[in-house]
$ cat start.txt   # compact mmCIF, C-alpha atoms and all ligand atoms
# COMPACT_ATOMS: atom_id res chain seq x y z
CA MET A 1 8.27 38.98 -83.05
CA SER A 2 5.26 38.45 -80.77
CA ALA A 3 1.51 38.86 -81.15
CA LEU A 4 1.80 42.37 -79.77
CA THR A 5 4.91 43.34 -81.71
CA PRO A 6 4.17 42.03 -85.19
CA ARG A 7 6.70 42.72 -87.92
CA SER A 8 3.81 43.72 -90.15
CA LEU A 9 0.44 44.96 -89.02
CA VAL A 10 -2.66 46.09 -90.88
CA LEU A 11 -5.33 48.22 -89.22
CA SER A 12 -8.10 47.59 -91.68
CA GLY A 13 -11.19 49.42 -92.82
CA ALA A 14 -11.06 52.50 -90.61
CA ARG A 15 -11.71 56.18 -91.03
CA ILE A 16 -8.24 57.75 -90.81
CA VAL A 17 -7.64 61.32 -89.66
CA THR A 18 -4.18 61.65 -91.17
CA MET A 19 -3.09 65.16 -90.11
CA ASP A 20 -1.00 65.18 -93.28
CA ARG A 21 -0.23 68.43 -95.10
CA LYS A 22 -3.70 68.49 -96.68
CA ARG A 23 -5.35 67.35 -93.43
CA ARG A 24 -6.99 64.52 -95.33
CA VAL A 25 -9.51 62.20 -93.72
CA VAL A 26 -9.53 58.93 -95.69
CA GLU A 27 -11.15 55.52 -95.48
CA GLY A 28 -9.15 52.31 -95.63
CA ASP A 29 -6.17 50.57 -94.07
CA VAL A 30 -3.04 51.68 -92.29
CA VAL A 31 -0.23 49.26 -93.11
CA VAL A 32 2.70 49.10 -90.70
CA GLU A 33 6.01 47.31 -91.16
CA ASP A 34 8.88 47.16 -88.70
CA GLY A 35 7.30 49.94 -86.66
CA GLU A 36 6.94 52.26 -89.63
CA ILE A 37 3.84 53.36 -91.55
CA LYS A 38 4.04 51.94 -95.07
CA SER A 39 0.72 52.99 -96.54
CA VAL A 40 -2.42 54.87 -95.57
CA GLY A 41 -5.93 54.40 -96.93
CA GLY A 42 -4.87 52.02 -99.66
CA GLU A 43 -2.42 54.47 -101.20
CA PRO A 44 1.00 52.95 -100.80
CA ALA A 45 4.09 55.11 -100.83
CA PRO A 46 5.99 54.78 -104.13
CA SER A 47 8.80 52.84 -102.46
CA ALA A 48 6.64 50.67 -100.23
CA ALA A 49 4.03 49.11 -102.43
CA ARG A 50 5.08 45.54 -103.09
CA GLY A 51 3.09 42.79 -101.51
CA ARG A 52 2.23 44.45 -98.25
CA ARG A 53 -1.44 43.69 -97.99
CA THR A 54 -1.19 39.96 -98.20
CA GLY A 55 0.61 37.97 -95.57
CA ALA A 56 0.64 40.59 -92.81
CA ASP A 57 1.56 39.06 -89.46
CA LYS A 58 -1.43 40.66 -87.86
CA VAL A 59 -4.64 42.26 -89.08
CA VAL A 60 -6.78 44.25 -86.69
CA ASP A 61 -10.31 44.85 -87.94
CA CYS A 62 -11.03 48.55 -87.46
CA ALA A 63 -14.32 48.76 -89.36
CA GLY A 64 -16.45 51.53 -87.92
CA LEU A 65 -13.51 52.90 -85.92
CA VAL A 66 -11.47 56.09 -86.27
CA ILE A 67 -7.67 56.17 -86.38
CA ILE A 68 -5.78 59.29 -85.36
CA PRO A 69 -2.07 59.98 -84.90
CA GLY A 70 -1.00 59.15 -81.34
CA LEU A 71 -1.59 62.23 -79.19
CA ILE A 72 1.48 64.02 -77.87
CA GLN A 73 1.73 65.87 -74.56
CA ALA A 74 4.77 68.12 -74.34
CA HIS A 75 4.66 68.87 -70.63
CA ILE A 76 4.23 66.07 -68.08
CA HIS A 77 5.78 65.25 -64.68
CA LEU A 78 5.49 61.48 -64.32
CA CYS A 79 7.23 61.68 -60.94
CA GLN A 80 4.22 63.62 -59.58
CA THR A 81 1.57 61.08 -60.50
CA LEU A 82 1.72 59.60 -56.99
CA PHE A 83 0.88 63.06 -55.57
CA ARG A 84 -2.50 63.24 -57.32
CA GLY A 85 -5.10 64.79 -55.01
CA PHE A 86 -2.55 65.72 -52.32
CA ALA A 87 -2.20 69.37 -53.32
CA ASP A 88 -5.55 70.73 -54.40
CA ASP A 89 -6.79 74.30 -54.36
CA LEU A 90 -3.49 76.03 -53.57
CA PRO A 91 -1.64 78.89 -55.33
CA LEU A 92 1.50 77.81 -57.22
CA GLU A 93 4.08 79.03 -54.71
CA THR A 94 2.39 77.26 -51.73
CA TRP A 95 1.59 74.26 -53.90
CA LEU A 96 5.31 73.90 -54.70
CA ALA A 97 6.86 74.74 -51.33
CA LYS A 98 4.44 72.91 -49.01
CA ARG A 99 3.50 69.87 -51.06
CA ILE A 100 5.30 69.15 -54.32
CA TRP A 101 8.89 69.82 -53.29
CA PRO A 102 8.71 67.86 -50.00
CA LEU A 103 7.05 64.97 -51.83
CA GLU A 104 9.62 65.02 -54.65
CA ALA A 105 12.42 65.12 -52.08
CA ALA A 106 10.93 62.01 -50.42
CA HIS A 107 11.00 59.96 -53.65
CA THR A 108 12.94 56.69 -53.74
CA GLU A 109 14.01 54.75 -56.80
CA GLU A 110 11.02 52.46 -56.41
CA SER A 111 8.48 55.25 -55.92
CA VAL A 112 9.78 57.08 -59.03
CA TYR A 113 9.39 53.84 -60.99
CA TRP A 114 5.77 53.26 -59.91
CA SER A 115 4.87 56.92 -60.32
CA ALA A 116 6.07 56.69 -63.93
CA MET A 117 4.21 53.40 -64.46
CA LEU A 118 0.97 54.87 -63.12
CA GLY A 119 1.26 58.02 -65.25
CA ALA A 120 2.30 56.13 -68.36
CA ALA A 121 -0.55 53.62 -67.95
CA GLU A 122 -3.07 56.47 -67.75
CA LEU A 123 -1.50 58.22 -70.73
CA LEU A 124 -1.43 55.15 -72.97
CA LEU A 125 -4.96 54.08 -72.05
CA GLY A 126 -6.10 57.63 -72.91
CA GLY A 127 -4.46 57.74 -76.34
CA THR A 128 -1.29 59.67 -75.54
CA THR A 129 1.64 57.94 -77.24
CA ALA A 130 4.47 60.42 -76.66
CA ILE A 131 5.43 62.86 -73.93
CA LEU A 132 8.01 65.42 -72.93
CA ASP A 133 8.59 64.66 -69.26
CA MET A 134 10.29 66.43 -66.37
CA GLU A 135 11.31 64.09 -63.57
CA THR A 136 12.53 65.09 -60.13
CA VAL A 137 16.17 65.64 -59.12
CA ARG A 138 16.97 62.04 -58.13
CA HIS A 139 16.29 58.53 -59.51
CA THR A 140 15.51 59.59 -63.09
CA GLY A 141 16.99 56.30 -64.32
CA ALA A 142 14.10 54.49 -62.61
CA ALA A 143 11.59 56.52 -64.64
CA PHE A 144 13.40 55.54 -67.85
CA GLU A 145 13.28 51.88 -66.80
CA ALA A 146 9.50 52.17 -66.36
CA LEU A 147 9.15 53.90 -69.74
CA GLU A 148 11.28 51.25 -71.40
CA ALA A 149 9.01 48.52 -70.03
CA ILE A 150 5.60 50.10 -70.62
CA GLY A 151 6.23 51.22 -74.19
CA LEU A 152 5.36 54.92 -74.15
CA ARG A 153 7.48 57.17 -76.40
CA ALA A 154 9.15 59.68 -74.10
CA THR A 155 11.72 62.41 -73.98
CA ALA A 156 12.51 62.77 -70.28
CA GLY A 157 15.02 64.56 -68.11
CA LYS A 158 16.19 64.93 -64.56
CA CYS A 159 15.05 68.21 -63.03
CA LEU A 160 17.94 70.63 -62.44
CA MET A 161 17.95 73.03 -59.45
CA ASP A 162 21.14 74.73 -58.24
CA ALA A 163 20.18 78.30 -57.20
CA PRO A 164 20.66 79.37 -53.56
CA SER A 165 16.88 79.80 -53.28
CA ALA A 166 16.14 76.28 -54.55
CA PRO A 167 14.46 73.98 -51.99
CA LYS A 168 16.86 72.37 -49.51
CA GLY A 169 15.95 68.75 -50.18
CA LEU A 170 16.36 69.10 -53.94
CA LYS A 171 19.11 71.69 -54.50
CA GLU A 172 22.35 70.31 -55.97
CA PRO A 173 25.76 71.80 -56.68
CA THR A 174 25.85 72.96 -60.32
CA GLU A 175 28.61 70.61 -61.43
CA ARG A 176 27.06 67.56 -59.79
CA ALA A 177 23.66 68.25 -61.34
CA LEU A 178 25.17 68.70 -64.80
CA GLN A 179 27.40 65.64 -64.46
CA GLU A 180 24.49 63.38 -63.55
CA ALA A 181 22.42 64.86 -66.39
CA THR A 182 25.20 64.20 -68.88
CA ASP A 183 25.67 60.63 -67.61
CA LEU A 184 21.93 59.94 -67.91
CA CYS A 185 21.94 61.46 -71.40
CA ALA A 186 24.74 59.10 -72.42
CA LYS A 187 22.76 56.12 -71.12
CA TRP A 188 19.22 56.92 -72.27
CA HIS A 189 19.28 59.32 -75.24
CA GLY A 190 18.21 57.11 -78.14
CA ALA A 191 17.49 54.02 -76.01
CA ALA A 192 14.77 51.46 -76.87
CA HIS A 193 15.55 51.86 -80.59
CA GLY A 194 15.15 55.63 -80.36
CA ARG A 195 11.80 55.54 -78.55
CA LEU A 196 13.38 57.05 -75.42
CA ARG A 197 15.26 60.33 -75.57
CA TRP A 198 16.88 62.62 -73.09
CA CYS A 199 16.03 66.26 -72.37
CA TYR A 200 17.82 68.79 -70.22
CA ALA A 201 15.23 70.02 -67.73
CA PRO A 202 16.14 73.05 -65.64
CA ARG A 203 13.07 73.51 -63.40
CA PHE A 204 12.51 77.23 -63.92
CA VAL A 205 14.57 80.40 -63.80
CA PRO A 206 14.12 81.13 -60.06
CA SER A 207 15.66 77.78 -59.08
CA CYS A 208 18.56 77.79 -61.56
CA THR A 209 21.75 79.84 -61.78
CA GLY A 210 22.80 81.60 -64.99
CA PRO A 211 25.89 79.36 -65.39
CA LEU A 212 23.70 76.24 -65.16
CA LEU A 213 21.27 77.53 -67.79
CA ARG A 214 24.12 78.47 -70.14
CA ALA A 215 25.73 75.07 -69.68
CA VAL A 216 22.40 73.37 -70.39
CA SER A 217 22.10 75.26 -73.66
CA ASP A 218 25.58 74.08 -74.75
CA LEU A 219 25.11 70.49 -73.58
CA ALA A 220 21.73 70.17 -75.30
CA GLU A 221 23.18 71.51 -78.53
CA ARG A 222 26.05 69.06 -78.38
CA ALA A 223 23.80 66.07 -77.63
CA GLY A 224 21.02 67.04 -80.05
CA ALA A 225 18.66 67.04 -77.06
CA THR A 226 15.57 69.06 -76.21
CA ILE A 227 15.56 71.63 -73.38
CA HIS A 228 12.43 71.40 -71.24
CA THR A 229 11.56 74.06 -68.67
CA HIS A 230 8.76 76.20 -67.22
CA ALA A 231 8.38 79.89 -68.03
CA ALA A 232 6.14 82.85 -67.22
CA GLU A 233 3.59 80.83 -65.27
CA THR A 234 2.64 83.46 -62.66
CA PRO A 235 3.18 87.19 -62.00
CA VAL A 236 5.11 86.25 -58.80
CA GLU A 237 7.60 84.28 -60.89
CA LEU A 238 7.96 87.18 -63.34
CA GLN A 239 8.68 89.53 -60.44
CA MET A 240 11.30 87.17 -58.99
CA VAL A 241 13.07 86.86 -62.33
CA SER A 242 13.01 90.59 -62.95
CA GLU A 243 14.47 91.31 -59.48
CA GLU A 244 17.12 88.65 -59.89
CA THR A 245 18.19 89.30 -63.47
CA GLY A 246 16.86 92.74 -64.44
CA HIS A 247 15.16 91.14 -67.46
CA ASP A 248 11.75 89.85 -68.31
CA GLU A 249 11.77 86.07 -68.26
CA ILE A 250 11.48 85.29 -71.96
CA SER A 251 14.32 87.65 -72.92
CA TYR A 252 16.45 86.37 -70.02
CA LEU A 253 15.96 82.76 -71.15
CA ASP A 254 16.91 83.82 -74.66
CA SER A 255 20.05 85.55 -73.34
CA VAL A 256 21.24 82.29 -71.71
CA GLY A 257 20.49 80.20 -74.80
CA ILE A 258 17.17 78.67 -73.70
CA SER A 259 15.25 79.52 -76.87
CA GLY A 260 14.77 78.30 -80.42
CA PRO A 261 13.39 75.03 -81.83
CA ARG A 262 15.36 72.98 -79.29
CA ALA A 263 13.55 74.60 -76.33
CA ALA A 264 10.07 73.84 -74.98
CA LEU A 265 8.70 76.33 -72.45
CA ALA A 266 5.70 75.17 -70.46
CA HIS A 267 2.93 77.68 -69.66
CA CYS A 268 3.97 81.12 -71.04
CA VAL A 269 0.83 82.60 -69.46
CA TRP A 270 2.36 85.99 -68.65
CA VAL A 271 4.09 86.99 -71.87
CA ASP A 272 3.66 90.47 -73.35
CA ALA A 273 3.49 91.36 -77.05
CA GLU A 274 7.26 91.77 -77.28
CA GLY A 275 7.74 88.37 -75.62
CA ILE A 276 5.33 86.77 -78.09
CA ARG A 277 7.25 88.30 -81.01
CA ARG A 278 10.49 86.99 -79.54
CA LEU A 279 9.08 83.46 -79.08
CA ALA A 280 7.82 83.51 -82.68
CA ARG A 281 11.09 84.88 -84.08
CA GLN A 282 13.17 82.24 -82.30
CA GLN A 283 10.67 79.44 -83.08
CA THR A 284 10.75 78.46 -79.41
CA ASN A 285 8.10 75.86 -78.54
CA VAL A 286 5.37 77.02 -76.18
CA VAL A 287 3.56 74.26 -74.27
CA HIS A 288 0.03 75.22 -73.34
CA CYS A 289 -1.34 73.54 -70.17
CA PRO A 290 -4.93 74.78 -69.88
CA SER A 291 -6.11 72.57 -66.97
CA SER A 292 -3.03 73.33 -64.88
CA ASN A 293 -3.26 77.06 -65.56
CA LEU A 294 -6.93 77.06 -64.54
CA LYS A 295 -6.53 74.86 -61.46
CA LEU A 296 -3.61 76.84 -60.04
CA GLY A 297 -5.34 80.09 -60.98
CA SER A 298 -2.33 81.09 -63.08
CA GLY A 299 -4.34 82.64 -65.91
CA ILE A 300 -5.11 82.00 -69.57
CA ALA A 301 -2.21 81.94 -72.02
CA ALA A 302 -2.66 84.08 -75.15
CA ILE A 303 -2.47 81.04 -77.43
CA PRO A 304 -4.51 82.42 -80.38
CA GLU A 305 -2.35 85.56 -80.36
CA MET A 306 0.80 83.42 -80.23
CA ILE A 307 -0.33 81.28 -83.14
CA ALA A 308 -1.23 84.40 -85.14
CA ALA A 309 2.27 85.75 -84.45
CA GLY A 310 3.81 82.51 -85.76
CA CYS A 311 4.67 80.80 -82.46
CA LYS A 312 5.01 77.01 -82.30
CA VAL A 313 2.54 75.64 -79.75
CA ALA A 314 1.97 72.20 -78.19
CA ILE A 315 -0.23 71.08 -75.28
CA GLY A 316 0.31 69.15 -72.06
CA ALA A 317 -1.50 68.10 -68.89
CA ASP A 318 1.45 69.05 -66.61
CA GLY A 319 1.64 66.90 -63.44
CA ALA A 320 -1.23 64.99 -61.83
CA PRO A 321 -1.43 67.23 -58.70
CA CYS A 322 -2.28 70.33 -60.75
CA ASN A 323 -4.79 68.80 -63.13
CA ASN A 324 -5.64 66.02 -61.85
CA ARG A 325 -5.87 63.97 -65.03
CA LEU A 326 -3.28 63.28 -67.71
CA ASP A 327 -5.92 63.27 -70.43
CA ALA A 328 -5.08 64.75 -73.84
CA PHE A 329 -8.77 64.88 -74.82
CA GLU A 330 -9.54 67.02 -71.77
CA GLU A 331 -6.64 69.35 -72.60
CA MET A 332 -7.77 69.72 -76.21
CA ARG A 333 -11.35 70.54 -75.26
CA LEU A 334 -10.27 73.04 -72.61
CA ALA A 335 -7.67 74.66 -74.88
CA ALA A 336 -10.46 75.43 -77.32
CA LEU A 337 -13.05 76.52 -74.76
CA ILE A 338 -11.07 78.81 -72.47
CA GLN A 339 -10.21 81.28 -75.24
CA LYS A 340 -13.79 81.84 -76.33
CA PRO A 341 -15.12 84.13 -73.55
CA ARG A 342 -12.12 86.40 -74.18
CA LEU A 343 -11.93 86.36 -77.98
CA GLY A 344 -15.22 84.95 -79.28
CA PRO A 345 -16.43 81.48 -80.28
CA ASP A 346 -14.23 81.32 -83.37
CA ALA A 347 -11.03 81.59 -81.30
CA LEU A 348 -8.90 78.43 -81.51
CA PRO A 349 -11.21 76.17 -83.54
CA ALA A 350 -11.18 72.37 -83.16
CA ALA A 351 -8.97 71.71 -86.19
CA ARG A 352 -6.27 74.01 -84.83
CA VAL A 353 -6.41 72.37 -81.41
CA LEU A 354 -5.94 68.89 -82.88
CA GLU A 355 -2.82 70.25 -84.60
CA LEU A 356 -1.42 71.33 -81.22
CA ALA A 357 -1.89 67.82 -79.78
CA THR A 358 -0.27 66.08 -82.76
CA LEU A 359 2.00 68.11 -85.06
CA GLY A 360 2.72 70.75 -82.40
CA GLY A 361 3.73 68.12 -79.87
CA ALA A 362 5.94 66.36 -82.41
CA ARG A 363 7.75 69.63 -83.09
CA ALA A 364 8.22 70.36 -79.38
CA LEU A 365 9.90 66.94 -79.00
CA GLY A 366 12.06 67.63 -82.06
CA LEU A 367 10.41 64.63 -83.73
CA ASP A 368 8.30 66.28 -86.42
CA ALA A 369 9.89 64.14 -89.13
CA GLU A 370 8.96 60.97 -87.23
CA ILE A 371 5.60 61.37 -85.48
CA GLY A 372 2.54 63.67 -85.35
CA SER A 373 0.73 62.51 -88.50
CA ILE A 374 -0.25 59.29 -90.26
CA GLU A 375 1.93 59.28 -93.35
CA PRO A 376 4.15 56.69 -95.03
CA GLY A 377 7.66 56.82 -93.58
CA LYS A 378 6.57 58.00 -90.12
CA LYS A 379 6.69 55.89 -86.97
CA ALA A 380 3.58 53.83 -86.29
CA ASP A 381 2.24 55.73 -83.26
CA LEU A 382 -1.51 55.29 -83.74
CA VAL A 383 -4.69 55.51 -81.71
CA VAL A 384 -7.87 53.69 -82.69
CA LEU A 385 -11.05 55.18 -81.27
CA ASP A 386 -14.56 53.87 -81.00
CA LEU A 387 -16.71 56.94 -81.55
CA SER A 388 -20.05 55.19 -81.17
CA GLY A 389 -20.87 56.31 -77.62
CA PRO A 390 -23.94 58.54 -77.22
CA HIS A 391 -21.71 61.55 -76.40
CA VAL A 392 -20.12 61.49 -79.89
CA VAL A 393 -23.17 60.64 -82.00
CA PRO A 394 -24.34 61.51 -84.67
CA GLU A 395 -21.50 60.29 -86.82
CA GLU A 396 -22.41 62.71 -89.61
CA ALA A 397 -20.85 65.56 -87.64
CA ASP A 398 -17.33 66.68 -88.52
CA VAL A 399 -14.93 64.05 -87.19
CA VAL A 400 -12.42 66.62 -85.91
CA SER A 401 -15.17 68.38 -83.95
CA ARG A 402 -16.21 65.02 -82.47
CA LEU A 403 -12.61 64.33 -81.45
CA VAL A 404 -11.89 67.70 -79.83
CA TYR A 405 -15.23 68.60 -78.27
CA GLY A 406 -16.82 65.19 -77.70
CA ALA A 407 -14.33 62.35 -77.40
CA ARG A 408 -13.02 61.04 -74.09
CA ALA A 409 -10.04 59.00 -73.05
CA SER A 410 -12.43 56.09 -72.48
CA ASP A 411 -13.24 56.05 -76.21
CA VAL A 412 -9.73 54.73 -76.93
CA ARG A 413 -9.86 51.11 -78.16
CA HIS A 414 -6.33 50.26 -79.38
CA VAL A 415 -2.99 52.07 -79.08
CA ILE A 416 0.13 51.35 -81.09
CA VAL A 417 3.54 52.85 -80.29
CA ASP A 418 6.49 52.17 -82.58
CA GLY A 419 4.46 49.40 -84.21
CA ARG A 420 3.84 47.64 -80.88
CA ILE A 421 0.28 47.10 -79.68
CA VAL A 422 0.40 48.55 -76.16
CA VAL A 423 -3.36 48.83 -75.60
CA ARG A 424 -5.73 46.26 -77.11
CA ASP A 425 -9.52 46.50 -76.67
CA GLY A 426 -9.06 49.10 -73.94
CA GLU A 427 -6.65 46.91 -71.98
CA LEU A 428 -3.03 47.75 -71.24
CA LYS A 429 -0.85 44.95 -72.62
CA THR A 430 2.56 46.13 -71.37
CA GLY A 431 1.86 46.20 -67.63
CA LYS A 432 -0.65 44.86 -65.13
CA VAL A 433 -2.95 47.70 -64.09
CA SER A 434 -3.86 45.89 -60.85
CA GLU A 435 -0.19 45.68 -59.89
CA ILE A 436 0.47 49.30 -60.89
CA ARG A 437 -2.51 50.42 -58.79
CA ALA A 438 -1.40 48.46 -55.72
CA GLU A 439 2.22 49.65 -55.91
CA ALA A 440 1.13 53.26 -56.57
CA ASN A 441 -1.11 53.21 -53.49
CA ARG A 442 1.61 51.68 -51.35
CA HIS A 443 4.31 54.13 -52.44
CA SER A 444 2.10 57.22 -52.25
CA ARG A 445 1.32 56.32 -48.62
CA LEU A 446 5.03 55.99 -47.86
CA LEU A 447 5.84 59.28 -49.60
CA ARG A 448 3.17 61.21 -47.71
CA LYS A 449 4.48 59.89 -44.44
CA LYS A 450 8.10 60.61 -45.30
CA ALA A 451 7.21 64.15 -46.48
CA GLY A 452 5.34 64.79 -43.21
CA LEU A 453 1.94 65.28 -44.87
CA THR A 454 -0.04 62.81 -42.78
ZN ZN B 1 5.13 71.59 -64.87

$ encode --input "start.txt" --output "structure tokens" --more "lines below"
Ligand SMILES: [Zn+2]
Amino acid sequence: MSALTPRSLVLSGARIVTMDRKRRVVEGDVVVEDGEIKSVGGEPAPSAARGRRTGADKVVDCAGLVIIPGLIQAHIHLCQTLFRGFADDLPLETWLAKRIWPLEAAHTEESVYWSAMLGAAELLLGGTTAILDMETVRHTGAAFEALEAIGLRATAGKCLMDAPSAPKGLKEPTERALQEATDLCAKWHGAAHGRLRWCYAPRFVPSCTGPLLRAVSDLAERAGATIHTHAAETPVELQMVSEETGHDEISYLDSVGISGPRAALAHCVWVDAEGIRRLARQQTNVVHCPSSNLKLGSGIAAIPEMIAAGCKVAIGADGAPCNNRLDAFEEMRLAALIQKPRLGPDALPAARVLELATLGGARALGLDAEIGSIEPGKKADLVVLDLSGPHVVPEEADVVSRLVYGARASDVRHVIVDGRIVVRDGELKTGKVSEIRAEANRHSRLLRKKAGLT
């Protein structure tokens, strides 16, 4: 036990946005024991009542503050954080071929580590407590080491690319790619007391062979792991998949077993009505990345239509070079706003958007029984916000509206992951930001040089 990892912790006197089944907002304490939520708002769970309030190892006064479930981003590339600002204002295909792939191919173990530290520091300081991450082809173990140290909850996977058309510096033979993925799964799936999990992460259909995708489906099933990929991001990609396979992308992915609750498909911008019905029927997770889709000019995903059809939807910032922030508050606000010119101001209201960033993300990570809401029995992944800044006043306004339309990452005061205080008073406690900044700058310079971008 340490001051930042107390066995029992009370966050006292806050306004708590629970995201429970009734979407209750209550006043009171959140009591945490051994990393698990024991009671919320002074209403202990039947099995957890005895003697909790007195004698807690640590009490954090949260009077006047708002507690929300830790935000969850279900599509992130930590390995790209060092490329932030190096690939602006380009269409996806050029963005990938001329910048991202050469930079990913240049990565070393050390640069992957510091890229993950930089991204994770930004995420934690901005109230994101869990992510679904796609790393690059090599050195994924270094990203897990960073995640283990910094305390973010993450499901991460090595990127898989084996198709003849995959980029030279990253393409791997199918068997070798799958063998390394399976070895990493054995090492990291369930590590850090379950905080770290493995996902199989084929990059996207055009860079993966059918046999690889089918094998991924089987391996993920066997390991109880998530499958994390991109789908239907641009019309060019759709065309490539249709020429290659004779299918539209969503039905092709389904035919190779990349569908259902185990799968999370980032983007899904170009999906027709039949595709939406298929995604809903299979309960495949769609990960909406509004900033990335806008910045790369990919389009606007039909999220309200998907939700109406029964699709499961989460949100994510994608990688730093196509955003350029990893800010869940920005993604929530944009997710709500970008639908309104098309469908009217009542499209995707604030309450629905907050669901995407909490419960939807938990489902995409396959962790809906453990995170996504503040309820007894769930993991203590909590964000404490100070909503007293002029941009979120008056306080009489609906708290969910203030969170989605007004709040910023800089309003985050404390962050708890798995019962551990990782951000206290706006300061990262699990890494030195000055060191992360210096190493990130150093390694990004080296990567640019190695990739021939200077
Ligand atoms: Zn992506």

$ residues_around --input "start.txt" --residues "range 430-434 of chain A" --least-positions-apart "2" --cutoff "9 Å" --atoms "only C-alpha atoms" --output "list in words"
Met117, Leu118, Ala121, Ala149, Ile150, Gly151, Ile421, Val422, Val423, Glu427, Leu428, Ile436, Arg437, Ala438 and Glu439 of chain A

$ closest_atom_pairs --input "start.txt" --of "chain A" --to "ligand ZN 1 (chain B)" --cutoff "7 Å" --atoms "only C-alpha atoms and all ligand atoms" --output "Markdown table"
| residue | atom | partner | partner_atom | distance |
| --- | --- | --- | --- | --- |
| A:His75 | CA | B:ZN1 | ZN | 6.4 |
| A:Ile76 | CA | B:ZN1 | ZN | 6.4 |
| A:His77 | CA | B:ZN1 | ZN | 6.4 |
| A:His230 | CA | B:ZN1 | ZN | 6.3 |
| A:Ala266 | CA | B:ZN1 | ZN | 6.7 |
| A:Asp318 | CA | B:ZN1 | ZN | 4.8 |
| A:Gly319 | CA | B:ZN1 | ZN | 6.0 |

$ closest_residue --input "start.txt" --among "A:Arg203, A:Leu279, A:Thr174, A:Ala156" --to "Ala225 in chain A" --atoms "only C-alpha atoms"
A:Ala156

$ closest_residue --input "start.txt" --among "A:Ala451, A:Ala120, A:Ala220, A:Ala369" --to "Pro202 in chain A" --atoms "all atoms listed in the file"
A:Ala220

$ residues_around --input "start.txt" --residues "Ile371 in chain A" --least-positions-apart "6" --cutoff "10 Å" --atoms "only C-alpha atoms" --output "list of chain:residue names"
A:Pro69, A:Gly70, A:Leu71, A:Ile72, A:Thr129, A:Ala130, A:Thr358, A:Leu359, A:Gly361, A:Ala362, A:Arg363, A:Leu365, A:Gly377, A:Lys378, A:Lys379, A:Ala380, A:Asp381, A:Leu382, A:Asp418

$ residues_around --input "start.txt" --residues "Arg408 in chain A" --least-positions-apart "4" --cutoff "8 Å" --atoms "all atoms listed in the file" --output "list of chain:residue names"
A:Gly126, A:Phe329, A:Glu330, A:Val412

$ atom_distance --input "start.txt" --atom1 "CA of Phe83 in chain A" --atom2 "CA of Ser444 in chain A"
6.8 Å

$ atom_distance --input "start.txt" --atom1 "CA of His443 in chain A" --atom2 "CA of Glu145 in chain A"
17.1 Å

$ closest_residue --input "start.txt" --among "A:Val112, A:Leu11, A:Leu253, A:Val205" --to "Thr284 in chain A" --atoms "all atoms listed in the file"
A:Leu253

$ atom_distance --input "start.txt" --atom1 "CA of Ala280 in chain A" --atom2 "CA of Ala317 in chain A"
22.7 Å

$ residues_near_point --input "start.txt" --point "(-11.3, 54.8, -82.7)" --cutoff "9 Å" --atoms "all atoms listed in the file" --output "mmCIF file with C-alpha atoms, keeping the file's coordinate frame"
data_model
loop_
_atom_site.group_PDB
_atom_site.id
_atom_site.type_symbol
_atom_site.label_atom_id
_atom_site.label_comp_id
_atom_site.auth_asym_id
_atom_site.auth_seq_id
_atom_site.Cartn_x
_atom_site.Cartn_y
_atom_site.Cartn_z
ATOM 1 C CA ALA A 14 -11.060 52.500 -90.610
ATOM 2 C CA ARG A 15 -11.710 56.180 -91.030
ATOM 3 C CA CYS A 62 -11.030 48.550 -87.460
ATOM 4 C CA GLY A 64 -16.450 51.530 -87.920
ATOM 5 C CA LEU A 65 -13.510 52.900 -85.920
ATOM 6 C CA VAL A 66 -11.470 56.090 -86.270
ATOM 7 C CA ILE A 67 -7.670 56.170 -86.380
ATOM 8 C CA ILE A 68 -5.780 59.290 -85.360
ATOM 9 C CA VAL A 383 -4.690 55.510 -81.710
ATOM 10 C CA VAL A 384 -7.870 53.690 -82.690
ATOM 11 C CA LEU A 385 -11.050 55.180 -81.270
ATOM 12 C CA ASP A 386 -14.560 53.870 -81.000
ATOM 13 C CA LEU A 387 -16.710 56.940 -81.550
ATOM 14 C CA SER A 388 -20.050 55.190 -81.170
ATOM 15 C CA ASP A 411 -13.240 56.050 -76.210
ATOM 16 C CA VAL A 412 -9.730 54.730 -76.930
ATOM 17 C CA ARG A 413 -9.860 51.110 -78.160
ATOM 18 C CA HIS A 414 -6.330 50.260 -79.380
#

$ closest_residue --input "start.txt" --among "A:Leu326, A:Ile16, A:Val353, A:Ile338" --to "Leu123 in chain A" --atoms "only C-alpha atoms"
A:Leu326

$ residues_around --input "start.txt" --residues "Val400 in chain A" --least-positions-apart "2" --cutoff "7 Å" --atoms "all atoms listed in the file" --output "list in words"
Ala350, Ala351, Asp398, Arg402, Leu403 and Val404 of chain A

$ closest_residue --input "start.txt" --among "A:Ala347, A:Leu294, A:Ala309, A:Val10" --to "Pro91 in chain A" --atoms "all atoms listed in the file"
A:Leu294

$ axis_aligned_box --input "start.txt" --around "range 218-231 of chain A" --padding-each-side "6 Å" --output "AutoDock Vina command-line options"
--center_x 17.2 --center_y 73.0 --center_z -73.6 --size_x 29.7 --size_y 25.8 --size_z 24.8

$ closest_residue --input "start.txt" --among "A:Ala320, A:Ile100, A:Val60, A:Val25" --to "Pro6 in chain A" --atoms "all atoms listed in the file"
A:Val60

$ residues_around --input "start.txt" --residues "range 185-188 of chain A" --least-positions-apart "6" --cutoff "12 Å" --atoms "all atoms listed in the file" --output "NGL selection string"
:A and (140-145 or 147-148 or 154-158 or 178-179 or 194-201 or 216 or 219-220 or 222-226)
